[in-house]
Structure formats: structure tokens, C-alpha cells
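Structure, as C-alpha cells:
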Amino acid sequence: MALTLSILVGFLLDLWLRDPLWLPHPVVGIGWLIAHLERPIRRLLPRTVSGERLGGAILWLLVMAITGLLTTGILLCAGWVHPVLRWLAETWLCYQILAAGGLREAGMRVYRDLQAGDLEAARRSVGRVVGRDTARLDRDGVLRAAVETVAENTSDGVIAPLFFLLIGGAPLGMLYKAVNTMDSMLGYKNARYLHFGWAAARLDDLANWLPARLSGLMMVLAAPCVGLSRTGAWTIFRRDRRAHSSPNAAHTEAACAGALGVRLAGDAVYFGKTVHKPTVGDARRPIEAEDIPRACRLMLATALLALALGILLRTGILVRV
């Protein structure tokens, strides 16, 4: 019951506080660790396909081990002092692991820039949360990028961390964040990371396989709660959830596109190179600025539904035990 309460309070803290810049964040620490281990590991191994893949796997194992040991150690030390201190530490870590508040704020920042008529500011704002080049995006391109990032990150920024928190508390939740951070830093298909980042990308796919599919289904169920189309979400989710090079990325994008009745994804520019990608959804109407807050409301409804179901499952299991 203590863990369930930690997750609930952590979720509420995330919605309230989001991610203030002045507050140190564990993911920043994980990123620092990845960056500082990569260089010496590369120096020690040959620059061959097998050497780079081995180096990436060693980096993955080291980051996971250090993250898991530190998180577990913090909780154990806090518990030795007092059980309440352990609960506070786990609650704080749950808050740091979840990202619904920050995701909503990122999307709404783009919306406010567009409402103010400042397309350049909107490009900069969306550029902080997407991997594609945004300097030349037109208004519709900025809108699609913002809606897509809210939809996609509903899974790996909110539902997947919540899934692992409900199963294994802060240690498992933080391990998931490490997996996700390594993929975001190393999982590029460019000359530097094509082989070195192979393990990070494949293991992130594995970790997200079930959460991505649950997230898409939860989004379909949540759509009518915020006045969007469940029929559209279900139809496009079934049809387009595999329309991506990643086995997981399009599940929530498809459900969101169907719920909104717009077309998302398509070609994008990464590091100056156009990458041809399939579209997701049907253009039943043109995308508009209000689709950003609609996507944010859908993300929050999906998160609340997942939280409620997770708590019911945990408390039900505890009652039976």
C-alpha cells in the first residue's frame, strides 16, 4: 500500500510541479553517466562493427547496474533511518520518473507561441522536444510535430514509467528511464551510433513492447472522456499502429490521430537529411492549433485511466494476499 500511495502522490506532484529547471533531475545524471562512459569504452575497443556493438552493450550494462544500485541504495539508506523517510524518497523518485506534467507544458508552450503568431518561437519550442530539424517547418509542420510528440511520449514518458513503477517501484521505474535515456542518446541510425547504439535501441524496443500496446489501447478507451472519437481512435490504431520503423512508436500516434481525425507523421528532416516515413491517420480535416491542447487532454485522460486501473490491480492483489 505504501508504494501505491507513493506512485499516486508522485503522479500528482508531477502534474503540479512539472520539471523546474532549477531542480536536479535523475535523467540528467543518467545522461551525464552515459556521456562520460562512452568515450573511454570507445577507446578500449576496436572500431569495427563487432567492437562497436560490444562497446554499446558494455555501456548499457554499466549504466543499468549503476542506476539500479544507486536507486536501491538510496531507498535502503533512507529506510535504515526511518520508514517514513524511505516513503518520502520513493515518492520523490516516482515524481521524477513520471513526465505527464512536463509533456503537457512542452506541448502547450508550442500552442502559446502559435497563438501569439510567433512561428519562429514555436519552431524553437517544438525543437526542444523532437529529434527532427525544425528550423524550416511551416505552421502545419510545427503543429504535427507538437501533436506527435505528445502522442508518442504518452507511452514512453508516462504510461511505460507508470507500468514499471506499479510492478517494481522506483528501482524498476528508474531502470526504465535509463533504458529510455540510452535509446534517446545512442539509438540514432547515423555513422556514429548505427552500431554502437544497436543494443540501446533494441533493448528499448523490448522494454516498450508491452507498454506501447497498452498505451494505445488506453488512449482508445480515454478518447470519449475528453470529447474525442473512440471509433476513429480504434480504427486508426488497428490500421496504422505498425506504420513506423520502430515496433512501438506508432501505437499512440495512431490512436491520437484517429481520435482527432487528422493525419500525422510523414517525411521529416533529421541532421539535414530527409527521412521518408509513412503517414498515420486520415486527413478528415486540416490540423489546427487547438489539436495541441486536445492531444494534451487525451494524454492526461490516458494517464489517469492507466493510474486508476493500476491502483485497482495493486490494491486488489494486496487485498487477496
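Chain lettering (A, B, ...) mirrors the order of the C-alpha cells, residue numbering begins at 1 for each chain separately, and ligand numbering begins at 1 in order of display.
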Determine, counting only C-alpha atoms, which protein, DNA and RNA residues have an atom within 12 Å of an atom of A:Asn180; residues of the same chain fewer than 3 positions away are not included. Present the result as a PDB file with N, CA and C atoms, in the first residue's frame.
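Result written to around-v8.pdb:
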ATOM      1  N   VAL A  27      17.378  11.958 -14.597  1.00  0.00           N
ATOM      2  CA  VAL A  27      17.640  11.656 -16.004  1.00  0.00           C
ATOM      3  C   VAL A  27      18.843  12.444 -16.510  1.00  0.00           C
ATOM      4  N   ILE A  30      21.725  10.444 -15.409  1.00  0.00           N
ATOM      5  CA  ILE A  30      21.902   9.277 -16.268  1.00  0.00           C
ATOM      6  C   ILE A  30      22.549   9.687 -17.585  1.00  0.00           C
ATOM      7  N   GLY A  31      22.099  10.815 -18.131  1.00  0.00           N
ATOM      8  CA  GLY A  31      22.698  11.315 -19.370  1.00  0.00           C
ATOM      9  C   GLY A  31      24.163  11.646 -19.204  1.00  0.00           C
ATOM     10  N   ILE A  34      26.118   8.362 -19.142  1.00  0.00           N
ATOM     11  CA  ILE A  34      26.248   7.788 -20.485  1.00  0.00           C
ATOM     12  C   ILE A  34      27.350   8.505 -21.261  1.00  0.00           C
ATOM     13  N   TRP A  60      25.627  -0.162 -21.925  1.00  0.00           N
ATOM     14  CA  TRP A  60      24.258  -0.407 -21.472  1.00  0.00           C
ATOM     15  C   TRP A  60      24.255  -1.123 -20.119  1.00  0.00           C
ATOM     16  N   VAL A  63      25.545   1.257 -17.252  1.00  0.00           N
ATOM     17  CA  VAL A  63      24.562   2.287 -16.870  1.00  0.00           C
ATOM     18  C   VAL A  63      23.406   1.660 -16.097  1.00  0.00           C
ATOM     19  N   MET A  64      22.945   0.507 -16.544  1.00  0.00           N
ATOM     20  CA  MET A  64      21.853  -0.159 -15.834  1.00  0.00           C
ATOM     21  C   MET A  64      22.270  -0.572 -14.429  1.00  0.00           C
ATOM     22  N   ILE A  97      10.332  10.280 -12.077  1.00  0.00           N
ATOM     23  CA  ILE A  97      10.269   9.295 -13.151  1.00  0.00           C
ATOM     24  C   ILE A  97       9.126   9.598 -14.115  1.00  0.00           C
ATOM     25  N   ASN A 153       5.019  10.368 -26.711  1.00  0.00           N
ATOM     26  CA  ASN A 153       5.559  10.355 -25.356  1.00  0.00           C
ATOM     27  C   ASN A 153       4.525  10.024 -24.295  1.00  0.00           C
ATOM     28  N   SER A 155       3.261   7.249 -24.260  1.00  0.00           N
ATOM     29  CA  SER A 155       3.721   5.902 -23.926  1.00  0.00           C
ATOM     30  C   SER A 155       5.029   5.926 -23.147  1.00  0.00           C
ATOM     31  N   ASP A 156       6.129   6.409 -23.776  1.00  0.00           N
ATOM     32  CA  ASP A 156       7.430   6.240 -23.113  1.00  0.00           C
ATOM     33  C   ASP A 156       7.710   7.293 -22.045  1.00  0.00           C
ATOM     34  N   GLY A 157       6.903   8.361 -21.965  1.00  0.00           N
ATOM     35  CA  GLY A 157       7.118   9.347 -20.911  1.00  0.00           C
ATOM     36  C   GLY A 157       6.165   9.238 -19.748  1.00  0.00           C
ATOM     37  N   VAL A 158       5.039   8.523 -19.945  1.00  0.00           N
ATOM     38  CA  VAL A 158       4.014   8.485 -18.896  1.00  0.00           C
ATOM     39  C   VAL A 158       3.573   7.049 -18.589  1.00  0.00           C
ATOM     40  N   ALA A 160       4.508   3.957 -19.817  1.00  0.00           N
ATOM     41  CA  ALA A 160       5.547   2.950 -19.584  1.00  0.00           C
ATOM     42  C   ALA A 160       6.227   3.135 -18.218  1.00  0.00           C
ATOM     43  N   PRO A 161       6.656   4.361 -17.845  1.00  0.00           N
ATOM     44  CA  PRO A 161       7.210   4.521 -16.495  1.00  0.00           C
ATOM     45  C   PRO A 161       6.216   4.118 -15.406  1.00  0.00           C
ATOM     46  N   GLY A 173      11.316   1.515 -12.057  1.00  0.00           N
ATOM     47  CA  GLY A 173      10.971   2.708 -12.822  1.00  0.00           C
ATOM     48  C   GLY A 173      12.202   3.469 -13.283  1.00  0.00           C
ATOM     49  N   MET A 174      13.205   3.572 -12.418  1.00  0.00           N
ATOM     50  CA  MET A 174      14.427   4.288 -12.790  1.00  0.00           C
ATOM     51  C   MET A 174      15.244   3.498 -13.809  1.00  0.00           C
ATOM     52  N   LEU A 175      15.217   2.180 -13.711  1.00  0.00           N
ATOM     53  CA  LEU A 175      15.889   1.366 -14.725  1.00  0.00           C
ATOM     54  C   LEU A 175      15.241   1.592 -16.088  1.00  0.00           C
ATOM     55  N   TYR A 176      13.919   1.701 -16.106  1.00  0.00           N
ATOM     56  CA  TYR A 176      13.260   2.003 -17.384  1.00  0.00           C
ATOM     57  C   TYR A 176      13.714   3.360 -17.924  1.00  0.00           C
ATOM     58  N   LYS A 177      13.822   4.354 -17.051  1.00  0.00           N
ATOM     59  CA  LYS A 177      14.265   5.677 -17.508  1.00  0.00           C
ATOM     60  C   LYS A 177      15.676   5.603 -18.067  1.00  0.00           C
ATOM     61  N   ASP A 183      18.483   5.025 -25.225  1.00  0.00           N
ATOM     62  CA  ASP A 183      17.976   4.992 -26.596  1.00  0.00           C
ATOM     63  C   ASP A 183      17.936   6.396 -27.187  1.00  0.00           C
ATOM     64  N   SER A 184      17.510   7.387 -26.396  1.00  0.00           N
ATOM     65  CA  SER A 184      17.405   8.752 -26.915  1.00  0.00           C
ATOM     66  C   SER A 184      18.769   9.361 -27.210  1.00  0.00           C
ATOM     67  N   MET A 185      19.812   8.899 -26.524  1.00  0.00           N
ATOM     68  CA  MET A 185      21.148   9.437 -26.744  1.00  0.00           C
ATOM     69  C   MET A 185      21.971   8.621 -27.742  1.00  0.00           C
ATOM     70  N   LEU A 186      21.720   7.314 -27.803  1.00  0.00           N
ATOM     71  CA  LEU A 186      22.576   6.437 -28.604  1.00  0.00           C
ATOM     72  C   LEU A 186      21.860   5.760 -29.771  1.00  0.00           C
ATOM     73  N   GLY A 187      20.541   5.791 -29.775  1.00  0.00           N
ATOM     74  CA  GLY A 187      19.795   4.991 -30.732  1.00  0.00           C
ATOM     75  C   GLY A 187      19.578   5.623 -32.092  1.00  0.00           C
ATOM     76  N   ALA A 199      22.527  -1.950 -29.299  1.00  0.00           N
ATOM     77  CA  ALA A 199      21.977  -2.593 -28.097  1.00  0.00           C
ATOM     78  C   ALA A 199      20.971  -1.683 -27.404  1.00  0.00           C
ATOM     79  N   ALA A 200      21.290  -0.395 -27.290  1.00  0.00           N
ATOM     80  CA  ALA A 200      20.382   0.551 -26.634  1.00  0.00           C
ATOM     81  C   ALA A 200      19.042   0.613 -27.356  1.00  0.00           C
ATOM     82  N   ALA A 201      19.078   0.666 -28.693  1.00  0.00           N
ATOM     83  CA  ALA A 201      17.841   0.758 -29.475  1.00  0.00           C
ATOM     84  C   ALA A 201      17.025  -0.524 -29.376  1.00  0.00           C
ATOM     85  N   ARG A 202      17.680  -1.673 -29.505  1.00  0.00           N
ATOM     86  CA  ARG A 202      16.939  -2.944 -29.490  1.00  0.00           C
ATOM     87  C   ARG A 202      16.345  -3.215 -28.104  1.00  0.00           C
ATOM     88  N   LEU A 203      17.088  -2.914 -27.048  1.00  0.00           N
ATOM     89  CA  LEU A 203      16.594  -3.191 -25.699  1.00  0.00           C
ATOM     90  C   LEU A 203      15.507  -2.200 -25.301  1.00  0.00           C
ATOM     91  N   ASP A 204      15.559  -0.982 -25.838  1.00  0.00           N
ATOM     92  CA  ASP A 204      14.466  -0.043 -25.618  1.00  0.00           C
ATOM     93  C   ASP A 204      13.201  -0.553 -26.307  1.00  0.00           C
ATOM     94  N   ASP A 205      13.350  -1.087 -27.523  1.00  0.00           N
ATOM     95  CA  ASP A 205      12.197  -1.680 -28.209  1.00  0.00           C
ATOM     96  C   ASP A 205      11.579  -2.790 -27.364  1.00  0.00           C
ATOM     97  N   LEU A 206      12.424  -3.609 -26.774  1.00  0.00           N
ATOM     98  CA  LEU A 206      11.936  -4.721 -25.954  1.00  0.00           C
ATOM     99  C   LEU A 206      11.209  -4.218 -24.710  1.00  0.00           C
ATOM    100  N   ALA A 207      11.807  -3.235 -24.023  1.00  0.00           N
ATOM    101  CA  ALA A 207      11.202  -2.707 -22.793  1.00  0.00           C
ATOM    102  C   ALA A 207       9.861  -2.040 -23.064  1.00  0.00           C
ATOM    103  N   ASN A 208       9.712  -1.445 -24.246  1.00  0.00           N
ATOM    104  CA  ASN A 208       8.488  -0.708 -24.560  1.00  0.00           C
ATOM    105  C   ASN A 208       7.445  -1.528 -25.299  1.00  0.00           C
TER     106      ASN A 208
END
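Secondary structure by DSSP on the backbone puts the following residues of stretch 169-308 of chain A in strand (DSSP E): A:Leu264, A:Ala265, A:Ala268, A:Val269, A:Tyr270, A:Lys273, A:Thr274, A:Val275, A:Thr279, A:Val280.
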Fill in: All residues 6 Å or closer to A:Arg263, only C-alpha atoms, same chain fewer than 3 positions away omitted, as a PyMOL selection string
chain A and resi 280-283
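Here atom CA of A:Leu103 and atom CA of A:Val150 stand 6.4 Å from one another.
Put simply, atom CA of A:Arg86 is 12.6 Å away from atom CA of A:Leu5.
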